[in-house]
Structure formats: C-alpha cells, structure tokens
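Chemist: Sharing start_39.pdb, PDB, C-alpha atoms:
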ATOM      1  CA  MET O 138      65.944   2.717 226.337
ATOM      2  CA  PHE O 139      67.128   3.206 229.939
ATOM      3  CA  SER O 140      67.721   6.916 230.117
ATOM      4  CA  GLY O 141      70.030   8.381 232.749
ATOM      5  CA  TRP O 142      67.400   8.953 235.413
ATOM      6  CA  LEU O 143      65.588   5.631 235.312
ATOM      7  CA  ILE O 144      68.209   3.390 236.950
ATOM      8  CA  PRO O 145      68.905   5.661 239.952
ATOM      9  CA  ALA O 146      65.122   6.158 240.345
ATOM     10  CA  LEU O 147      64.568   2.389 240.403
ATOM     11  CA  VAL O 148      67.467   1.970 242.859
ATOM     12  CA  ALA O 149      65.834   4.585 245.124
ATOM     13  CA  ALA O 150      62.484   2.773 244.909
ATOM     14  CA  LEU O 151      64.161  -0.577 245.650
ATOM     15  CA  LEU O 152      66.005   0.780 248.690
ATOM     16  CA  TRP O 153      62.891   2.525 250.031
ATOM     17  CA  GLY O 154      60.981  -0.695 249.384
ATOM     18  CA  ILE O 155      63.439  -2.612 251.573
ATOM     19  CA  VAL O 156      63.054   0.176 254.133
ATOM     20  CA  GLY O 157      59.320  -0.587 254.110
ATOM     21  CA  ILE O 158      60.041  -4.197 255.075
ATOM     22  CA  LEU O 159      62.386  -3.079 257.872
ATOM     23  CA  GLN O 160      59.646  -0.749 259.047
ATOM     24  CA  LYS O 161      57.191  -3.649 259.198
ATOM     25  CA  LEU O 162      59.713  -5.687 261.194
ATOM     26  CA  GLY O 163      60.609  -2.767 263.457
ATOM     27  CA  SER O 164      56.996  -1.860 264.176
ATOM     28  CA  ASN O 165      56.420  -5.402 265.421
ATOM     29  CA  ARG O 166      58.934  -4.630 268.175
ATOM     30  CA  ILE O 167      58.496  -0.957 269.079
ATOM     31  CA  ASN O 168      55.817   1.727 268.640
ATOM     32  CA  ALA O 169      55.750   4.197 265.747
ATOM     33  CA  SER O 170      57.276   7.173 267.549
ATOM     34  CA  SER O 171      60.116   5.041 268.949
ATOM     35  CA  LEU O 172      60.785   3.690 265.484
ATOM     36  CA  LEU O 173      60.828   7.260 264.164
ATOM     37  CA  ALA O 174      63.470   8.159 266.758
ATOM     38  CA  TRP O 175      65.732   5.273 265.725
ATOM     39  CA  VAL O 176      65.193   5.994 262.028
ATOM     40  CA  MET O 177      66.374   9.553 262.716
ATOM     41  CA  ALA O 178      69.407   8.112 264.495
ATOM     42  CA  GLY O 179      70.121   6.079 261.351
ATOM     43  CA  TYR O 180      69.881   9.190 259.176
ATOM     44  CA  ILE O 181      72.310  11.042 261.449
ATOM     45  CA  LEU O 182      74.729   8.110 261.768
ATOM     46  CA  ALA O 183      74.945   7.876 257.962
ATOM     47  CA  LEU O 184      75.827  11.558 257.564
ATOM     48  CA  PRO O 185      79.621  11.348 258.110
ATOM     49  CA  LEU O 186      79.801   8.997 255.107
ATOM     50  CA  PHE O 187      78.890  11.907 252.869
ATOM     51  CA  TRP O 188      80.825  14.732 254.422
ATOM     52  CA  GLN O 189      83.804  14.215 252.150
ATOM     53  CA  GLY O 190      83.187  15.385 248.613
ATOM     54  CA  SER O 191      79.922  17.066 249.509
ATOM     55  CA  GLY O 192      81.262  20.471 248.539
ATOM     56  CA  LEU O 193      79.051  21.894 251.253
ATOM     57  CA  SER O 194      81.397  24.800 251.990
ATOM     58  CA  SER O 195      81.221  26.061 248.413
ATOM     59  CA  LEU O 196      77.439  26.351 248.377
ATOM     60  CA  THR O 197      75.711  29.724 248.361
ATOM     61  CA  GLN O 198      73.241  30.778 251.056
ATOM     62  CA  LYS O 199      70.459  30.261 248.537
ATOM     63  CA  ASP O 200      71.585  26.666 247.939
ATOM     64  CA  LEU O 201      71.646  26.023 251.682
ATOM     65  CA  PHE O 202      68.160  27.497 251.995
ATOM     66  CA  TRP O 203      66.661  25.243 249.310
ATOM     67  CA  GLY O 204      68.357  22.123 250.666
ATOM     68  CA  ILE O 205      67.233  22.714 254.255
ATOM     69  CA  LEU O 206      63.744  23.646 253.073
ATOM     70  CA  ALA O 207      63.541  20.299 251.236
ATOM     71  CA  GLY O 208      64.264  18.487 254.493
ATOM     72  CA  ALA O 209      61.805  20.646 256.425
ATOM     73  CA  ALA O 210      59.040  19.936 253.887
ATOM     74  CA  ASN O 211      59.639  16.201 254.221
ATOM     75  CA  GLY O 212      59.691  16.418 258.024
ATOM     76  CA  CYS O 213      56.442  18.424 257.997
ATOM     77  CA  GLY O 214      54.838  15.702 255.873
ATOM     78  CA  THR O 215      55.847  13.124 258.468
ATOM     79  CA  TRP O 216      54.589  15.357 261.299
ATOM     80  CA  PHE O 217      51.174  15.694 259.660
ATOM     81  CA  LEU O 218      50.887  11.962 258.949
ATOM     82  CA  PHE O 219      51.645  11.320 262.608
ATOM     83  CA  ALA O 220      49.084  13.933 263.608
ATOM     84  CA  ALA O 221      46.495  12.292 261.326
ATOM     85  CA  LEU O 222      47.112   8.842 262.813
ATOM     86  CA  GLU O 223      47.027  10.318 266.310
ATOM     87  CA  ARG O 224      43.599  11.763 265.569
ATOM     88  CA  GLY O 225      42.276   8.327 264.797
ATOM     89  CA  ALA O 226      42.979   8.249 261.072
ATOM     90  CA  ASN O 227      42.202   4.948 259.441
ATOM     91  CA  ALA O 228      45.708   3.919 258.334
ATOM     92  CA  SER O 229      44.314   1.832 255.477
ATOM     93  CA  VAL O 230      42.935   5.075 254.004
ATOM     94  CA  ALA O 231      45.477   7.643 255.225
ATOM     95  CA  VAL O 232      48.620   5.803 254.051
ATOM     96  CA  PRO O 233      47.462   5.090 250.452
ATOM     97  CA  LEU O 234      46.150   8.660 250.328
ATOM     98  CA  THR O 235      49.511  10.155 251.250
ATOM     99  CA  ALA O 236      51.130   7.842 248.659
ATOM    100  CA  LEU O 237      49.574  10.215 246.125
ATOM    101  CA  TYR O 238      52.073  12.931 247.114
ATOM    102  CA  PRO O 239      53.806  12.948 243.686
ATOM    103  CA  THR O 240      50.668  14.559 242.226
ATOM    104  CA  VAL O 241      51.736  17.727 244.066
ATOM    105  CA  THR O 242      55.312  17.358 242.781
ATOM    106  CA  VAL O 243      54.036  16.887 239.218
ATOM    107  CA  ALA O 244      51.823  19.988 239.543
ATOM    108  CA  PHE O 245      54.711  22.127 240.852
ATOM    109  CA  ALA O 246      57.001  20.784 238.110
ATOM    110  CA  TYR O 247      54.384  21.601 235.474
ATOM    111  CA  PHE O 248      53.557  25.122 236.607
ATOM    112  CA  ILE O 249      56.852  26.330 238.120
ATOM    113  CA  LEU O 250      59.559  24.341 236.314
ATOM    114  CA  ARG O 251      57.522  24.255 233.075
ATOM    115  CA  GLU O 252      58.218  20.557 232.604
ATOM    116  CA  ARG O 253      56.290  19.077 229.706
ATOM    117  CA  LEU O 254      55.694  15.356 229.168
ATOM    118  CA  ALA O 255      54.874  13.208 226.142
ATOM    119  CA  PHE O 256      51.335  11.810 226.072
ATOM    120  CA  LEU O 257      52.509   8.276 226.862
ATOM    121  CA  ASP O 258      54.516   9.578 229.833
ATOM    122  CA  TRP O 259      51.322  11.138 231.233
ATOM    123  CA  ILE O 260      49.721   7.673 231.019
ATOM    124  CA  GLY O 261      52.743   6.271 232.859
ATOM    125  CA  VAL O 262      52.469   8.968 235.546
ATOM    126  CA  ALA O 263      48.742   8.256 236.041
ATOM    127  CA  LEU O 264      49.403   4.507 236.272
ATOM    128  CA  ALA O 265      52.330   4.971 238.665
ATOM    129  CA  LEU O 266      50.368   7.297 240.969
ATOM    130  CA  SER O 267      47.379   4.948 241.134
ATOM    131  CA  ALA O 268      49.662   1.933 241.556
ATOM    132  CA  GLY O 269      51.553   3.572 244.438
ATOM    133  CA  ALA O 270      48.313   4.171 246.330
ATOM    134  CA  MET O 271      46.921   0.711 245.540
ATOM    135  CA  LEU O 272      50.106  -1.097 246.581
ATOM    136  CA  SER O 273      50.052   0.732 249.945
ATOM    137  CA  TYR O 274      46.506  -0.426 250.604
ATOM    138  CA  GLU O 275      46.196  -2.851 253.481
ATOM    139  CA  PRO O 276      42.624  -3.333 254.749
ATOM    140  CA  GLU O 277      43.811  -3.838 258.321
ATOM    141  CA  ALA O 278      46.815  -1.552 258.185
ATOM    142  CA  ARG O 279      48.271  -0.729 261.553
ATOM    143  CA  SER O 280      49.055   2.841 262.468
ATOM    144  CA  THR O 281      52.777   2.368 262.164
ATOM    145  CA  ALA O 282      53.757   4.549 259.249
ATOM    146  CA  VAL O 283      56.648   6.723 260.294
ATOM    147  CA  GLY O 284      56.981   8.927 257.316
ATOM    148  CA  PHE O 285      58.454   9.063 253.939
ATOM    149  CA  GLY O 286      60.488   6.080 252.855
ATOM    150  CA  THR O 287      59.120   4.165 255.763
ATOM    151  CA  GLU O 288      55.440   3.920 255.019
ATOM    152  CA  THR O 289      53.881   0.710 253.864
TER     153      THR O 289
ATOM    154  CA  MET T  13      33.789  15.914 262.070
ATOM    155  CA  ARG T  14      36.419  13.617 263.491
ATOM    156  CA  THR T  15      36.974  11.940 260.145
ATOM    157  CA  SER T  16      37.312  15.222 258.288
ATOM    158  CA  LYS T  17      39.926  16.434 260.749
ATOM    159  CA  TRP T  18      42.335  13.536 260.277
ATOM    160  CA  LEU T  19      41.654  13.594 256.548
ATOM    161  CA  TRP T  20      42.770  17.228 256.536
ATOM    162  CA  PHE T  21      46.003  16.250 258.308
ATOM    163  CA  ALA T  22      46.609  13.356 255.898
ATOM    164  CA  LEU T  23      46.065  15.677 252.920
ATOM    165  CA  THR T  24      48.480  18.185 254.451
ATOM    166  CA  ALA T  25      51.058  15.380 254.780
ATOM    167  CA  LEU T  26      50.482  14.560 251.101
ATOM    168  CA  PHE T  27      50.998  18.230 250.219
ATOM    169  CA  TRP T  28      54.272  18.621 252.135
ATOM    170  CA  TRP T  29      55.741  15.416 250.729
ATOM    171  CA  GLY T  30      54.783  16.661 247.275
ATOM    172  CA  VAL T  31      56.565  19.949 247.961
ATOM    173  CA  TRP T  32      59.549  17.922 249.163
ATOM    174  CA  GLY T  33      59.644  16.136 245.772
ATOM    175  CA  PHE T  34      59.674  19.505 244.024
ATOM    176  CA  LEU T  35      62.369  20.958 246.314
ATOM    177  CA  ALA T  36      64.447  17.794 245.825
ATOM    178  CA  LYS T  37      64.497  18.664 242.128
ATOM    179  CA  VAL T  38      65.419  22.298 242.836
ATOM    180  CA  GLY T  39      68.176  21.152 245.222
ATOM    181  CA  SER T  40      69.470  18.431 242.902
ATOM    182  CA  ASP T  41      69.931  20.982 240.133
ATOM    183  CA  ARG T  42      72.052  23.135 242.483
ATOM    184  CA  MET T  43      74.294  20.689 244.358
ATOM    185  CA  ASN T  44      75.498  17.114 244.519
ATOM    186  CA  PRO T  45      73.437  14.417 246.293
ATOM    187  CA  ARG T  46      75.808  14.278 249.295
ATOM    188  CA  ALA T  47      75.436  17.963 250.102
ATOM    189  CA  LEU T  48      71.675  17.820 249.573
ATOM    190  CA  GLN T  49      71.344  14.842 251.923
ATOM    191  CA  ILE T  50      73.246  16.667 254.677
ATOM    192  CA  LEU T  51      71.041  19.761 254.330
ATOM    193  CA  PHE T  52      67.965  17.545 254.069
ATOM    194  CA  VAL T  53      68.692  15.944 257.457
ATOM    195  CA  VAL T  54      69.314  19.376 259.015
ATOM    196  CA  GLY T  55      65.920  20.570 257.735
ATOM    197  CA  MET T  56      64.079  17.384 258.623
ATOM    198  CA  LEU T  57      65.136  17.215 262.253
ATOM    199  CA  PRO T  58      63.066  20.087 263.771
ATOM    200  CA  PRO T  59      59.619  18.796 262.669
ATOM    201  CA  LEU T  60      60.543  15.228 263.627
ATOM    202  CA  LEU T  61      61.807  16.364 267.034
ATOM    203  CA  LEU T  62      58.478  18.180 267.478
ATOM    204  CA  ALA T  63      56.664  14.938 266.673
ATOM    205  CA  LEU T  64      58.769  13.144 269.300
ATOM    206  CA  ALA T  65      58.259  15.955 271.826
ATOM    207  CA  LYS T  66      54.520  15.302 271.599
ATOM    208  CA  VAL T  67      55.110  11.826 273.020
ATOM    209  CA  ARG T  68      57.614  13.291 275.529
ATOM    210  CA  PHE T  69      60.519  11.482 273.839
ATOM    211  CA  ALA T  70      59.264   8.179 275.211
ATOM    212  CA  VAL T  71      61.504   5.936 273.109
ATOM    213  CA  GLN T  72      61.375   2.176 273.458
ATOM    214  CA  THR T  73      64.716   0.385 273.459
ATOM    215  CA  ASP T  74      64.018  -3.128 272.269
ATOM    216  CA  ARG T  75      67.311  -4.218 270.720
ATOM    217  CA  ALA T  76      65.849  -5.627 267.481
ATOM    218  CA  GLY T  77      63.641  -2.534 267.188
ATOM    219  CA  ILE T  78      66.717  -0.296 267.428
ATOM    220  CA  VAL T  79      68.573  -2.303 264.779
ATOM    221  CA  TYR T  80      65.612  -2.226 262.389
ATOM    222  CA  GLY T  81      65.131   1.509 262.993
ATOM    223  CA  ILE T  82      68.761   2.480 262.436
ATOM    224  CA  LEU T  83      69.092   0.223 259.379
ATOM    225  CA  ASN T  84      65.889   1.817 258.145
ATOM    226  CA  GLY T  85      67.431   5.300 258.395
ATOM    227  CA  VAL T  86      70.730   4.265 256.786
ATOM    228  CA  LEU T  87      69.070   2.488 253.840
ATOM    229  CA  ALA T  88      66.594   5.352 253.392
ATOM    230  CA  THR T  89      69.635   7.660 253.195
ATOM    231  CA  PHE T  90      71.135   5.670 250.331
ATOM    232  CA  GLY T  91      67.705   5.707 248.683
ATOM    233  CA  MET T  92      67.708   9.495 249.002
ATOM    234  CA  LEU T  93      71.112   9.749 247.281
ATOM    235  CA  ALA T  94      69.863   7.668 244.349
ATOM    236  CA  PHE T  95      66.675   9.780 244.305
ATOM    237  CA  TYR T  96      68.661  13.034 244.087
ATOM    238  CA  ALA T  97      70.874  11.556 241.351
ATOM    239  CA  ALA T  98      67.741  10.660 239.378
ATOM    240  CA  MET T  99      66.278  14.133 239.990
ATOM    241  CA  ALA T 100      69.462  15.792 238.714
ATOM    242  CA  ARG T 101      69.243  13.807 235.464
ATOM    243  CA  GLY T 102      65.517  13.605 234.815
ATOM    244  CA  LYS T 103      62.238  15.449 235.084
ATOM    245  CA  ALA T 104      60.689  15.760 238.552
ATOM    246  CA  SER T 105      57.322  14.845 237.046
ATOM    247  CA  LEU T 106      58.697  11.421 236.052
ATOM    248  CA  VAL T 107      61.176  10.738 238.877
ATOM    249  CA  ALA T 108      58.692  11.483 241.691
ATOM    250  CA  PRO T 109      55.941   9.117 240.474
ATOM    251  CA  LEU T 110      58.412   6.337 239.635
ATOM    252  CA  THR T 111      60.256   6.455 242.969
ATOM    253  CA  ALA T 112      56.883   6.583 244.753
ATOM    254  CA  LEU T 113      56.386   3.034 243.470
ATOM    255  CA  PHE T 114      58.625   1.822 246.321
ATOM    256  CA  PRO T 115      55.707  -0.058 247.982
ATOM    257  CA  LEU T 116      56.018  -2.414 244.990
ATOM    258  CA  PHE T 117      59.269  -3.753 246.424
ATOM    259  CA  THR T 118      57.936  -3.715 249.987
ATOM    260  CA  VAL T 119      54.929  -5.774 248.934
ATOM    261  CA  VAL T 120      56.991  -8.263 246.925
ATOM    262  CA  GLY T 121      59.495  -8.557 249.799
ATOM    263  CA  ALA T 122      56.693  -9.033 252.325
ATOM    264  CA  VAL T 123      55.298 -11.883 250.225
ATOM    265  CA  LEU T 124      58.689 -13.564 249.774
ATOM    266  CA  LEU T 125      60.214 -12.955 253.224
ATOM    267  CA  LEU T 126      57.350 -12.393 255.632
ATOM    268  CA  LYS T 127      54.910 -14.765 253.895
ATOM    269  CA  GLU T 128      52.293 -12.018 253.692
ATOM    270  CA  LYS T 129      49.498 -12.341 251.157
ATOM    271  CA  LEU T 130      48.604  -9.734 248.553
ATOM    272  CA  ASN T 131      45.071  -8.400 248.425
ATOM    273  CA  ARG T 132      43.325  -7.841 245.091
ATOM    274  CA  VAL T 133      43.908  -4.103 245.121
ATOM    275  CA  GLN T 134      47.643  -4.697 245.570
ATOM    276  CA  VAL T 135      47.742  -7.263 242.734
ATOM    277  CA  LEU T 136      46.106  -4.756 240.386
ATOM    278  CA  GLY T 137      48.469  -2.049 241.654
ATOM    279  CA  LEU T 138      51.440  -4.318 241.007
ATOM    280  CA  ALA T 139      50.367  -4.879 237.394
ATOM    281  CA  MET T 140      49.852  -1.137 236.867
ATOM    282  CA  ALA T 141      53.249  -0.368 238.414
ATOM    283  CA  VAL T 142      54.979  -2.752 236.001
ATOM    284  CA  ILE T 143      53.222  -1.158 233.013
ATOM    285  CA  ALA T 144      54.248   2.306 234.253
ATOM    286  CA  VAL T 145      57.909   1.225 234.511
ATOM    287  CA  VAL T 146      57.772  -0.257 230.987
ATOM    288  CA  ILE T 147      56.349   3.037 229.669
ATOM    289  CA  PHE T 148      59.089   5.082 231.393
ATOM    290  CA  ALA T 149      61.799   2.708 230.135
ATOM    291  CA  ARG T 150      60.774   2.795 226.479
TER     292      ARG T 150
END
Can you dump the structure from the file as structure tokens?
Modeler:
Amino acid sequence: MFSGWLIPALVAALLWGIVGILQKLGSNRINASSLLAWVMAGYILALPLFWQGSGLSSLTQKDLFWGILAGAANGCGTWFLFAALERGANASVAVPLTALYPTVTVAFAYFILRERLAFLDWIGVALALSAGAMLSYEPEARSTAVGFGTET
Amino acid sequence: MRTSKWLWFALTALFWWGVWGFLAKVGSDRMNPRALQILFVVGMLPPLLLALAKVRFAVQTDRAGIVYGILNGVLATFGMLAFYAAMARGKASLVAPLTALFPLFTVVGAVLLLKEKLNRVQVLGLAMAVIAVVIFAR
C-alpha cells in the first residue's frame, strides 16, 4: 500500500497546509510584501539546521547548478504571482490558476524524464490537479498570496 | 487588455513553479534534501529580493506578523525537506500533484481553527482530493 514516496509527500502537503493557515493569520497583520520578507527570514534562519550532514562540499558544479536553478525557478514563480496581483489580478482566479503548476511538472516528467504512469494514476493526477485548484478557490480572496507554500 | 496582462503573469508563475517541481526531482536524484534546501534558498533569494525592491523594502514590523512570517518560512522549509525526500523516492508526476494538495489541510485547518466556512467548490475539491490520495495509496 503506502509506497516510499507517499508518506513524505503527505507530510510535505500537511506542513505546507499549516503554512497556509499561518499565511492567513500573518496577512491579517501585515501586507503581502512584508510577509514575504519575514517568510524569507524564516527560510534563512532555518538553514543552519541543515548545514551538518548536507554533504554540500562534495557536490559537483553541475549539482550546485541544478539545485540553485530549482530555487530560482520557485522564486521566479513567486515574482510573477506578485506581478500579476500588482497588475490587478483577481486573486480568486489567479491563485487557483497557479495551483495548477504541477501540470507543467507532469509534462516535463513525461517528456524529459520519460516517466510513465498507470491508467489509474493518471485519473489520480487529474483529480489531484483539479482538487488543488478548487480547494484554493475563495470567491473574495484577498491579494495576499506570497508564493509557493504560502498561497491559499 | 488589463485582464490579459495579469493572466499572462499568473500563467508565467504557474510555469515557473511547474519547472521548480521538475528541477526538485532532478536535484533530489543528485543530492540529499538538506543540500538541496540550502541551494534552493540561495537560488530563491534574488527573485524575491527583486520583488521586495519593487516596494522599496518597505517591511512592516507588527510583532505577530513577524512571528507568523518566520514560522511560515521555517515550516515551509521542513515541508520542502519532506517534498525532496518524496521526490527522491517517487515519480515527479505523482509527487508534484499530491503535494500540491496542501490547500486541503489549509482549508480544513481554517474551518477548525479560524471558523471559516467552505464554499461548494472547496467541498467538491476536498472530496476529489481524498479520492486522489486513495488512488495513490492503493
């Protein structure tokens, strides 16, 4: 039943879900860009916890490139969501729309990594993608999304 | 025109986050979650600093806001580590959609803790999310 990836994936979703609640609470107190700044501070403050055992020094330049690029891609996503909201995006449309981001991941995994799924898994992927967008739908959503792991 | 412009930006956000999911898989296959998280933060900072530069680094300092923000970053970090661990063990095309179900927990928490009410779209989404998890867990 529970294969190796499912539990950590659910733990990630649970933690990011709690993050969503904190984001709601935080955005009641400060504006979106301020919240973004403090979220970044949290990311940086947590870093020393992982220094030990990271094996960072043994990585190749290629490894470093891919890792940093992953962060840059995520940051660019946040930048563009901010830019969309700044240009008067309707958050109740923009946020559920961006929740569809795994479609791009699935496409890259299919064409570049040659991942193949069982038919039932495709159904699960379709349901999960739709569900993610639907759960993020709030008719009167405020423009407070501050990026991945913090959008609601 | 105005609508199409922000829509374009929102779609670009969607694209980059999707690329991030893919690169998280590439990174997870090459290094442990700790190393990937450190590199991730290094890569993420420049675009976020640019976003803050646009508002001239005007950062509000409400104490509760700061606590929520920092906790937000720390918990998101632990979420990232679990995400990378899942990516290292599973297919990106399953891990990305499942982890993107995180609003499920936000919505449930908001109902329980913040006494928010679900709308019909969210109720349907919740049911679909549960079915998706059952399918992945079979």
Chemist: Show me a table, sorted first by chain and then by increasing residue number, of the residues of chain T having an atom at most 6 Å from chain O, each with its shortest atom pair and the distance in Å to one decimal, counting only C-alpha atoms and written as CSV.
Modeler:
residue,atom,partner,partner_atom,distance
T:Trp18,CA,O:Ala221,CA,4.5
T:Phe21,CA,O:Ala221,CA,5.0
T:Ala22,CA,O:Leu218,CA,5.4
T:Ala25,CA,O:Gly214,CA,3.9
T:Leu26,CA,O:Thr235,CA,4.5
T:Trp28,CA,O:Gly214,CA,4.8
T:Trp29,CA,O:Gly214,CA,5.2
T:Gly30,CA,O:Val241,CA,4.6
T:Val31,CA,O:Thr242,CA,5.9
T:Trp32,CA,O:Ala207,CA,5.1
T:Gly33,CA,O:Thr242,CA,5.4
T:Phe34,CA,O:Thr242,CA,5.0
T:Leu35,CA,O:Ala207,CA,5.1
T:Gly39,CA,O:Gly204,CA,5.5
T:Arg46,CA,O:Ser191,CA,5.0
T:Ala47,CA,O:Ser191,CA,4.6
T:Leu48,CA,O:Gly204,CA,5.5
T:Leu51,CA,O:Ile205,CA,4.8
T:Phe52,CA,O:Gly208,CA,3.8
T:Val53,CA,O:Gly208,CA,5.9
T:Gly55,CA,O:Gly208,CA,4.2
T:Met56,CA,O:Gly208,CA,4.3
T:Pro59,CA,O:Gly212,CA,5.2
T:Leu60,CA,O:Gly212,CA,5.8
T:Ala63,CA,O:Trp216,CA,5.8
T:Val71,CA,O:Ser171,CA,4.5
T:Gln72,CA,O:Ser171,CA,5.5
T:Gly77,CA,O:Gly163,CA,4.8
T:Ile78,CA,O:Trp175,CA,5.9
T:Tyr80,CA,O:Gly163,CA,5.1
T:Gly81,CA,O:Val176,CA,4.6
T:Ile82,CA,O:Gly179,CA,4.0
T:Asn84,CA,O:Val156,CA,5.2
T:Gly85,CA,O:Gly179,CA,4.1
T:Val86,CA,O:Gly179,CA,4.9
T:Ala88,CA,O:Trp153,CA,5.7
T:Gly91,CA,O:Ala149,CA,4.2
T:Ala94,CA,O:Pro145,CA,4.9
T:Phe95,CA,O:Ala149,CA,5.3
T:Ala98,CA,O:Trp142,CA,4.3
T:Arg101,CA,O:Trp142,CA,5.2
T:Gly102,CA,O:Trp142,CA,5.1
T:Ser105,CA,O:Val243,CA,4.4
T:Ala108,CA,O:Pro239,CA,5.5
T:Pro109,CA,O:Pro239,CA,5.4
T:Thr111,CA,O:Ala150,CA,4.7
T:Leu113,CA,O:Gly269,CA,5.0
T:Phe114,CA,O:Ala150,CA,4.2
T:Pro115,CA,O:Gly154,CA,5.5
T:Phe117,CA,O:Gly154,CA,4.6
T:Thr118,CA,O:Gly154,CA,4.3
T:Val133,CA,O:Met271,CA,5.7
T:Gln134,CA,O:Leu272,CA,4.5
T:Gly137,CA,O:Ala268,CA,4.2
T:Met140,CA,O:Ala268,CA,5.6
T:Ala141,CA,O:Ala268,CA,5.3
T:Ala144,CA,O:Gly261,CA,4.5
T:Ile147,CA,O:Gly261,CA,5.8
T:Ala149,CA,O:Phe139,CA,5.4
T:Arg150,CA,O:Met138,CA,5.2
Chemist: Of the candidates T:Leu110, T:Ala122, T:Ala104, T:Leu136, which shows the shortest atom-to-atom distance to O:Phe248, using only C-alpha atoms?
Modeler: T:Ala104
Chemist: Using atom CA of T:Ala100 and atom CA of O:Arg251 as the two end points, give the distance in Å to one decimal.
Modeler: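 If I compute the distance from atom CA of T:Ala100 to atom CA of O:Arg251, I get 15.7 Å.
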Chemist: Atom CA of O:Ala255 and atom CA of T:Val146, how far apart in Å?
Modeler: 14.6 Å
Chemist: Just give me the gap between atom CA of O:Glu277 and atom CA of T:Thr73 in Å, one decimal is fine.
Modeler: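 Between atom CA of O:Glu277 and atom CA of T:Thr73 the gap is 26.2 Å.
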Chemist: With 3 Å added on each side, what axis-aligned box encloses every listed atom of stretch 230-234 of chain O? Give the centre and edge lengths in Å to one decimal, as JSON.
Modeler:
{"center_x": 45.8, "center_y": 6.9, "center_z": 252.8, "size_x": 11.7, "size_y": 9.6, "size_z": 10.9}
